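Structure data follow from start32.cif (mmCIF, C-alpha atoms):
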data_query
loop_
_atom_site.label_atom_id
_atom_site.label_comp_id
_atom_site.auth_asym_id
_atom_site.auth_seq_id
_atom_site.Cartn_x
_atom_site.Cartn_y
_atom_site.Cartn_z
CA MET A 21 -52.42 -40.53 -16.62
CA GLU A 22 -50.04 -43.27 -15.51
CA ASP A 23 -47.25 -41.56 -17.45
CA LEU A 24 -47.87 -38.39 -15.43
CA TRP A 25 -47.66 -40.26 -12.14
CA ILE A 26 -44.40 -41.88 -13.24
CA LEU A 27 -43.05 -38.43 -14.09
CA LEU A 28 -44.09 -37.05 -10.70
CA ASP A 29 -42.43 -39.98 -8.93
CA SER A 30 -39.27 -39.32 -10.92
CA VAL A 31 -39.16 -35.61 -10.13
CA VAL A 32 -39.73 -36.03 -6.39
CA SER A 33 -36.83 -38.49 -6.31
CA ASN A 34 -34.53 -35.92 -7.94
CA PRO A 35 -35.91 -32.48 -7.02
CA GLY A 36 -34.72 -29.28 -8.65
CA ARG A 37 -36.07 -25.76 -8.41
CA GLU A 38 -39.56 -26.56 -9.60
CA GLY A 39 -41.10 -27.13 -6.16
CA PHE A 40 -43.91 -24.57 -6.46
CA TRP A 41 -45.21 -25.71 -9.84
CA PHE A 42 -44.72 -29.36 -8.94
CA ALA A 43 -46.96 -28.82 -5.91
CA VAL A 44 -49.57 -27.07 -8.08
CA VAL A 45 -49.68 -29.98 -10.54
CA LEU A 46 -49.78 -32.55 -7.75
CA SER A 47 -52.70 -30.79 -6.07
CA LYS A 48 -54.61 -30.65 -9.36
CA VAL A 49 -54.23 -34.36 -10.19
CA ALA A 50 -54.66 -35.66 -6.62
CA GLU A 51 -58.33 -36.44 -7.12
CA SER A 52 -57.50 -39.12 -9.68
CA ASN A 53 -55.36 -41.05 -7.18
CA PRO A 54 -55.39 -39.61 -3.63
CA ASN A 55 -53.23 -42.37 -2.15
CA ARG A 56 -50.47 -41.83 -4.65
CA ALA A 57 -50.68 -38.05 -4.42
CA CYS A 58 -50.39 -38.13 -0.64
CA ASP A 59 -47.46 -40.52 -0.85
CA ILE A 60 -45.62 -38.22 -3.25
CA ALA A 61 -46.44 -35.18 -1.07
CA ALA A 62 -44.98 -36.99 1.94
CA SER A 63 -41.76 -37.55 -0.02
CA MET A 64 -41.72 -33.83 -0.85
CA VAL A 65 -42.03 -32.90 2.80
CA LEU A 66 -39.01 -35.03 3.69
CA SER A 67 -36.92 -33.79 0.77
CA ASP A 68 -33.41 -32.46 1.47
CA SER A 69 -34.23 -29.59 -0.89
CA PHE A 70 -35.47 -26.69 1.24
CA GLN A 71 -37.67 -25.24 -1.51
CA PHE A 72 -39.13 -28.62 -2.38
CA SER A 73 -39.79 -29.41 1.27
CA ARG A 74 -41.55 -26.09 1.90
CA SER A 75 -43.71 -26.56 -1.19
CA GLY A 76 -44.44 -30.05 0.10
CA ASP A 77 -45.64 -28.61 3.41
CA GLU A 78 -48.13 -26.41 1.55
CA VAL A 79 -49.54 -29.09 -0.74
CA PHE A 80 -49.59 -31.58 2.13
CA GLY A 81 -51.67 -29.14 4.14
CA THR A 82 -54.09 -28.80 1.24
CA LEU A 83 -54.35 -32.56 0.80
CA ALA A 84 -54.82 -33.02 4.55
CA GLY A 85 -58.10 -31.13 4.32
CA ARG A 86 -59.33 -33.29 1.45
CA TYR A 87 -57.84 -36.71 2.24
CA PRO A 88 -56.87 -36.79 5.93
CA GLU A 89 -56.73 -40.59 6.24
CA GLN A 90 -54.46 -40.92 3.21
CA VAL A 91 -52.21 -38.12 4.45
CA MET A 92 -51.89 -39.74 7.88
CA GLU A 93 -51.09 -43.08 6.31
CA ALA A 94 -48.48 -41.57 3.97
CA ILE A 95 -46.65 -39.63 6.66
CA GLY A 96 -47.18 -42.45 9.14
CA VAL A 97 -45.36 -44.96 6.94
CA ARG A 98 -42.34 -42.67 6.98
CA MET A 99 -42.58 -42.13 10.73
CA MET A 100 -42.33 -45.89 11.24
CA ASP A 101 -39.67 -46.57 8.60
CA GLU A 102 -36.16 -46.78 10.09
CA LYS A 103 -34.73 -45.03 7.01
CA THR A 104 -36.83 -41.88 7.44
CA ARG A 105 -37.94 -42.06 11.07
CA ASN A 106 -35.10 -39.93 12.45
CA GLN A 107 -36.21 -36.92 10.42
CA PHE A 108 -39.21 -36.59 12.73
CA PHE A 109 -36.90 -36.06 15.70
CA TYR A 110 -35.02 -33.04 14.36
CA ARG A 111 -37.60 -31.31 12.16
CA LYS A 112 -41.13 -30.09 12.78
CA PHE A 113 -44.09 -31.08 10.64
CA PRO A 114 -47.14 -28.91 11.43
CA VAL A 115 -49.45 -31.10 9.32
CA LEU A 116 -49.32 -33.75 12.03
CA THR A 117 -51.39 -31.57 14.35
CA ALA A 118 -53.58 -30.15 11.58
CA LEU A 119 -55.25 -33.47 10.82
CA PRO A 120 -58.62 -34.36 12.38
CA ILE A 121 -57.86 -35.74 15.82
CA GLU A 122 -59.85 -38.93 15.29
CA VAL A 123 -57.73 -39.78 12.24
CA THR A 124 -54.50 -39.32 14.17
CA LYS A 125 -55.81 -41.13 17.25
CA SER A 126 -56.86 -44.11 15.13
CA TRP A 127 -53.39 -44.31 13.60
CA LEU A 128 -51.67 -44.04 16.99
CA LEU A 129 -53.82 -46.74 18.54
CA ARG A 130 -52.94 -49.00 15.61
CA VAL A 131 -49.17 -48.48 15.58
CA GLY A 132 -48.60 -47.98 19.30
CA VAL A 133 -45.83 -46.32 21.27
CA LYS A 134 -43.36 -46.09 18.40
CA GLY A 135 -45.76 -43.76 16.62
CA ALA A 136 -46.30 -41.75 19.81
CA GLN A 137 -42.56 -41.23 20.17
CA ALA A 138 -42.31 -39.94 16.61
CA ILE A 139 -45.28 -37.58 16.80
CA ALA A 140 -44.67 -36.23 20.32
CA ARG A 141 -42.15 -33.59 19.24
CA HIS A 142 -44.73 -32.10 16.87
CA LEU A 143 -47.56 -31.75 19.37
CA GLN A 144 -48.94 -28.31 20.13
CA ALA A 145 -47.84 -26.99 23.52
CA PRO A 146 -50.33 -25.97 26.22
CA PHE A 147 -51.43 -22.34 26.02
CA VAL A 148 -53.66 -19.79 27.71
CA ASP A 149 -56.43 -17.95 25.90
CA ASN A 150 -59.53 -15.99 26.90
CA ASN A 151 -61.06 -19.22 28.20
CA GLY A 152 -58.13 -19.97 30.46
CA PRO A 153 -55.49 -22.74 30.35
CA GLN A 154 -55.82 -25.04 27.32
CA VAL A 155 -54.21 -28.40 26.59
CA PRO A 156 -54.74 -29.24 22.90
CA PRO A 157 -56.80 -32.44 22.55
CA LEU A 158 -54.18 -34.42 20.61
CA THR A 159 -51.48 -33.41 23.09
CA ALA A 160 -53.65 -34.54 25.98
CA PHE A 161 -54.45 -37.82 24.23
CA VAL A 162 -50.84 -38.74 23.44
CA LEU A 163 -49.53 -37.83 26.90
CA THR A 164 -52.35 -39.76 28.58
CA GLU A 165 -52.53 -42.83 26.32
CA PHE A 166 -48.74 -43.22 26.39
CA GLU A 167 -48.20 -41.75 29.84
CA ASP A 168 -45.82 -44.51 30.96
CA ASP A 169 -43.41 -44.08 28.06
CA GLN A 170 -40.57 -41.77 29.08
CA ARG A 171 -39.31 -41.38 25.49
CA THR A 172 -42.67 -39.99 24.38
CA PHE A 173 -42.65 -37.47 27.21
CA ALA A 174 -39.03 -36.48 26.53
CA GLU A 175 -39.77 -35.88 22.85
CA PHE A 176 -42.76 -33.71 23.74
CA VAL A 177 -40.65 -31.60 26.11
CA ALA A 178 -37.92 -31.24 23.48
CA GLY A 179 -40.44 -30.12 20.89
CA VAL A 180 -42.09 -27.36 22.91
CA HIS A 181 -39.34 -24.83 22.17
CA SER A 182 -37.62 -26.37 19.15
CA TYR A 183 -37.22 -23.95 16.25
CA GLN A 184 -38.58 -21.16 18.46
CA ALA A 185 -37.19 -17.69 17.82
CA TYR A 186 -36.94 -14.92 20.40
CA VAL A 187 -36.95 -11.17 19.81
CA GLY A 188 -35.77 -8.79 22.50
CA SER A 189 -34.75 -9.86 25.98
CA TYR A 190 -34.39 -13.63 26.30
CA ALA A 191 -34.52 -13.31 30.09
CA ASP A 192 -37.88 -11.53 29.94
CA ALA A 193 -39.22 -14.06 27.45
CA ARG A 194 -38.25 -16.97 29.69
CA GLU A 195 -39.85 -15.25 32.69
CA ARG A 196 -43.10 -14.99 30.74
CA GLU A 197 -42.88 -18.63 29.66
CA GLY A 198 -42.24 -19.71 33.22
CA SER A 199 -45.25 -17.75 34.46
CA LEU A 200 -47.44 -19.31 31.77
CA ALA A 201 -46.26 -22.81 32.70
CA LYS A 202 -47.21 -22.27 36.35
CA VAL A 203 -50.91 -22.33 35.51
CA PHE A 204 -50.50 -25.94 34.31
CA LEU A 205 -48.98 -27.23 37.54
CA THR A 206 -52.44 -28.43 38.54
CA SER A 207 -53.45 -29.83 35.13
CA PRO A 208 -55.48 -33.07 35.27
CA VAL A 209 -52.98 -34.56 32.81
CA LYS A 210 -50.06 -36.00 34.78
CA ARG A 211 -47.45 -35.47 32.08
CA ILE A 212 -48.56 -31.87 31.58
CA ARG A 213 -48.01 -31.26 35.30
CA GLU A 214 -44.53 -32.77 34.97
CA TRP A 215 -43.76 -30.65 31.92
CA ALA A 216 -44.97 -27.53 33.72
CA ALA A 217 -42.76 -28.22 36.74
CA GLN A 218 -39.72 -28.71 34.50
CA GLU A 219 -40.56 -25.64 32.45
CA VAL A 220 -40.92 -23.44 35.53
CA ARG A 221 -37.56 -24.59 36.95
CA ARG A 222 -35.69 -24.19 33.67
CA ALA A 223 -37.32 -20.87 32.82
CA GLU A 224 -36.48 -19.37 36.20
CA GLU A 225 -32.86 -20.53 36.02
CA GLU A 226 -32.36 -19.39 32.43
CA ALA A 227 -34.04 -16.05 33.13
CA ARG A 228 -31.73 -15.50 36.11
CA ILE A 229 -28.56 -16.31 34.16
CA HIS A 230 -29.48 -14.32 31.07
CA SER A 231 -30.69 -11.35 33.11
CA ILE A 232 -27.21 -11.05 34.61
CA GLN A 233 -25.59 -11.40 31.19
CA GLU A 234 -27.90 -8.83 29.63
CA GLU A 235 -27.17 -6.35 32.42
CA GLU A 236 -23.42 -6.86 31.96
CA LEU A 237 -23.78 -6.20 28.25
CA GLY A 238 -25.91 -3.11 28.85
CA PHE A 239 -29.08 -4.62 27.35
CA ARG A 240 -31.12 -3.97 30.48
CA GLY A 241 -31.77 -0.72 32.27
#

For the structure just supplied, provide its representation as structure tokens.
Amino acid sequence: MEDLWILLDSVVSNPGREGFWFAVVLSKVAESNPNRACDIAASMVLSDSFQFSRSGDEVFGTLAGRYPEQVMEAIGVRMMDEKTRNQFFYRKFPVLTALPIEVTKSWLLRVGVKGAQAIARHLQAPFVDNNGPQVPPLTAFVLTEFEDDQRTFAEFVAGVHSYQAYVGSYADAREREGSLAKVFLTSPVKRIREWAAQEVRRAEEEARIHSIQEEELGFRG
């Protein structure tokens, strides 16, 4: 079995086109050594190979359901390492919000504000559903526990719309986003109120500018 782990370590260090099957094998053998499997999966997620990284996301999500503490530790080590830390500021890693909140909270309380800064960009944004305005629990925790850290707040704001795609009128989309943000202006979470105020201002300004541009280009009636 040790020979297999050595082989897996070797492949993840020099990925090719075998991402899918590598992830399948890793998921199958994870039970024999969860810590090592999660560590390898974390390396996959951060791989420069797009295919390998996407396969890593999938296997990491599977492992997160089985070994959440080990997954948090594996990705957390990379969030705190100066060599890999920056990747968490220009990419999104959904697994960070898929873990049980108590696991993530425990890690954050242990590592402190540096961890909050790294995870803030990946937090789920506030939303409205049939039960009204909702602030996801982990988002509320991070923005409350680390309320005084401006970098954490700035990373959260930057992450709300990062990698977001728009279809149709951008002006209309920003108007809708601004209207949604208004319902959070009275949120009990201070940083959510601040985000909402910024979002409303920016959405209204961007909607105004793009509405004019879209009319000039004949995109609006």

A:Ser63, A:Thr82, A:Gln137, A:Gln90: which is nearest Phe108 in chain A, counting only C-alpha atoms?
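Using only C-alpha atoms, the shortest distance to Phe108 in chain A belongs to A:Gln137.
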
Just say which residues the PyMOL selection byres ((chain A and resi 209) around 9) picks in this file, as a PyMOL selection string.
chain A and resi 155+160+163-164+206-208+210-214

So, counting all atoms listed in the file, which residue among A:Glu236, A:Glu102, A:Glu122, A:Glu197 is closest to Pro146 in chain A?
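That would be A:Glu197, the residue with the smallest distance to Pro146 in chain A.
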
Residue nearest Glu226 in chain A - candidates A:Tyr190, A:Phe204, A:Phe166, A:Phe113, atoms counted: only C-alpha atoms
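Once distances to Glu226 in chain A are computed over only C-alpha atoms, the minimum belongs to A:Tyr190.
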
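Between CA of Arg98 in chain A and CA of Val65 in chain A the interatomic distance comes to 10.6 Å.
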
Step by step, work through what the PyMOL selection byres ((chain A and resi 192) around 10) selects in the shown file, and finish by giving those residues as a PyMOL selection string.
chain A and resi 188-191+193-198+223+226-228+230-231

Give me the residues near Leu66 in chain A as a count of residues only, where near means some atom within 12 Å (using only C-alpha atoms) and where sequence neighbours in that chain fewer than 2 positions away do not count.
34

Can you list every residue of range 141-172 of chain A that has an atom at most 12 Å from range 128-135 of chain A, with its nearest atom pair and the distance in Å to one decimal, using all atoms listed in the file, ordered by chain then number, as a Markdown table?
| residue | atom | partner | partner_atom | distance |
| --- | --- | --- | --- | --- |
| A:Arg141 | CA | A:Gly135 | CA | 11.1 |
| A:His142 | CA | A:Gly135 | CA | 11.7 |
| A:Leu158 | CA | A:Leu128 | CA | 10.6 |
| A:Phe161 | CA | A:Leu128 | CA | 9.9 |
| A:Val162 | CA | A:Leu128 | CA | 8.4 |
| A:Leu163 | CA | A:Val133 | CA | 10.8 |
| A:Thr164 | CA | A:Val133 | CA | 11.8 |
| A:Glu165 | CA | A:Leu129 | CA | 8.8 |
| A:Phe166 | CA | A:Val133 | CA | 6.7 |
| A:Glu167 | CA | A:Val133 | CA | 10.0 |
| A:Asp168 | CA | A:Val133 | CA | 9.9 |
| A:Asp169 | CA | A:Val133 | CA | 7.5 |
| A:Gln170 | CA | A:Val133 | CA | 10.5 |
| A:Arg171 | CA | A:Val133 | CA | 9.2 |
| A:Thr172 | CA | A:Val133 | CA | 7.7 |
